[in-house]
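Working notes, beginning with the structure itself.
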Amino acid sequence: MTGLMLTLKILFTSLIIFTAISFPQTERYTKGAENGYGWLAMDDPNLMYNTSKENYLSSILERLSVTGEKYPEIASLSCKEDINLLLSKGKSDEFSLEDVVKKIDKFYSREENLVIPIIFAYCYTIKQFAGASPKELNKYKEEVLKFCNE
């Protein structure tokens, strides 16, 4: 009986692994960039994720300051001008990295936004802080979704 039980356990385990590999529940990357599913995974205490949302955003800011550019993206979806506007008006001191995290959390609370790469959710948030109108923000999000679905 123990041989039969061992064989059944192996078959059952193999079936579970095959199912998990064959039918992934979420896709953490869009066009090679981590998206909202990756962002939400940073909250899961059961996952071994070695960074926090604040660290992730800090790496974006560090890359911007060191290289003068963000992750590869099309120019029309950039938020460099918005960042410069915030800096030139002295508004960057009016919000913290924690405020940005909260806005991105709110952005990803809408399921249709989960496919959007984090860099674009960050830019969406920066545009909000820079004073973009709801119409401008909606247009930006539509352009990003179009880019994601190409």
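Naming works like this for the structure tokens: A, B, ... for the chains as they're shown, residue 1 at the start of each chain, ligands 1 onward in shown order.
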- Task: Name all residues at most 7 Å from region 113-119 of chain A (count only C-alpha atoms; drop same-chain ones fewer than 4 positions away) and give them as a VMD selection string.
- Result: chain A and resid 30 33 to 37 107 to 108 123 145 148
- Item | Within 10 Å of Asp99 (chain A) using only C-alpha atoms, minus same-chain residues under 6 positions, as an MDAnalysis selection string | chainID A and resid 105 125 129
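Those residues that approach region 140-144 of chain A to within 9 Å, counting only C-alpha atoms, are Ser76, Leu77, Asn113, Ile116, Pro117, Phe120, Ala121, Tyr124, Lys135 and Asn149 of chain A; same-chain residues fewer than 5 positions away are not listed.
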- Would you list the contacts of Lys91 (chain A) as a ChimeraX atom specification, taking every protein, DNA or RNA residue within 12 Å and counting only C-alpha atoms, but skipping same-chain residues closer than 6 positions in sequence? /A:82-85,126,128-131
Atoms to include: N, CA and C atoms. Write the selected residues as a tab-separated table (two decimals), in the first residue's frame.
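Result file is out32.tsv:
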```
chain	number	residue	atom	x	y	z
A	82	ASP	N	6.63	67.37	-15.69
A	82	ASP	CA	5.85	67.55	-14.46
A	82	ASP	C	6.77	67.58	-13.24
A	83	ILE	N	7.78	66.74	-13.24
A	83	ILE	CA	8.75	66.74	-12.14
A	83	ILE	C	9.47	68.08	-12.10
A	84	ASN	N	9.91	68.56	-13.27
A	84	ASN	CA	10.59	69.85	-13.34
A	84	ASN	C	9.68	70.99	-12.89
A	85	LEU	N	8.40	70.91	-13.25
A	85	LEU	CA	7.43	71.92	-12.83
A	85	LEU	C	7.30	71.94	-11.31
A	126	ILE	N	2.49	61.88	-10.20
A	126	ILE	CA	3.26	63.12	-10.28
A	126	ILE	C	2.45	64.18	-11.03
A	128	GLN	N	-0.75	64.40	-11.06
A	128	GLN	CA	-1.77	64.86	-10.12
A	128	GLN	C	-1.20	65.96	-9.22
A	129	PHE	N	-0.04	65.69	-8.65
A	129	PHE	CA	0.59	66.67	-7.76
A	129	PHE	C	0.96	67.95	-8.51
A	130	ALA	N	1.26	67.82	-9.79
A	130	ALA	CA	1.63	69.00	-10.59
A	130	ALA	C	0.41	69.82	-11.02
A	131	GLY	N	-0.79	69.30	-10.75
A	131	GLY	CA	-1.99	70.07	-11.02
A	131	GLY	C	-2.72	69.72	-12.31
```
- Separating CA of Glu150 (chain A) from CA of Ser58 (chain A), to the nearest tenth of an Å, is a gap of 28.7 Å
- Message: What's around Lys102 (chain A) at 12 Å? Count only C-alpha atoms, leave out sequence neighbours fewer than 4 positions away in its own chain, and write the answer as number ranges by chain.
- Response: A: 39, 53-54, 57, 95-98, 106-109, 121-122, 125
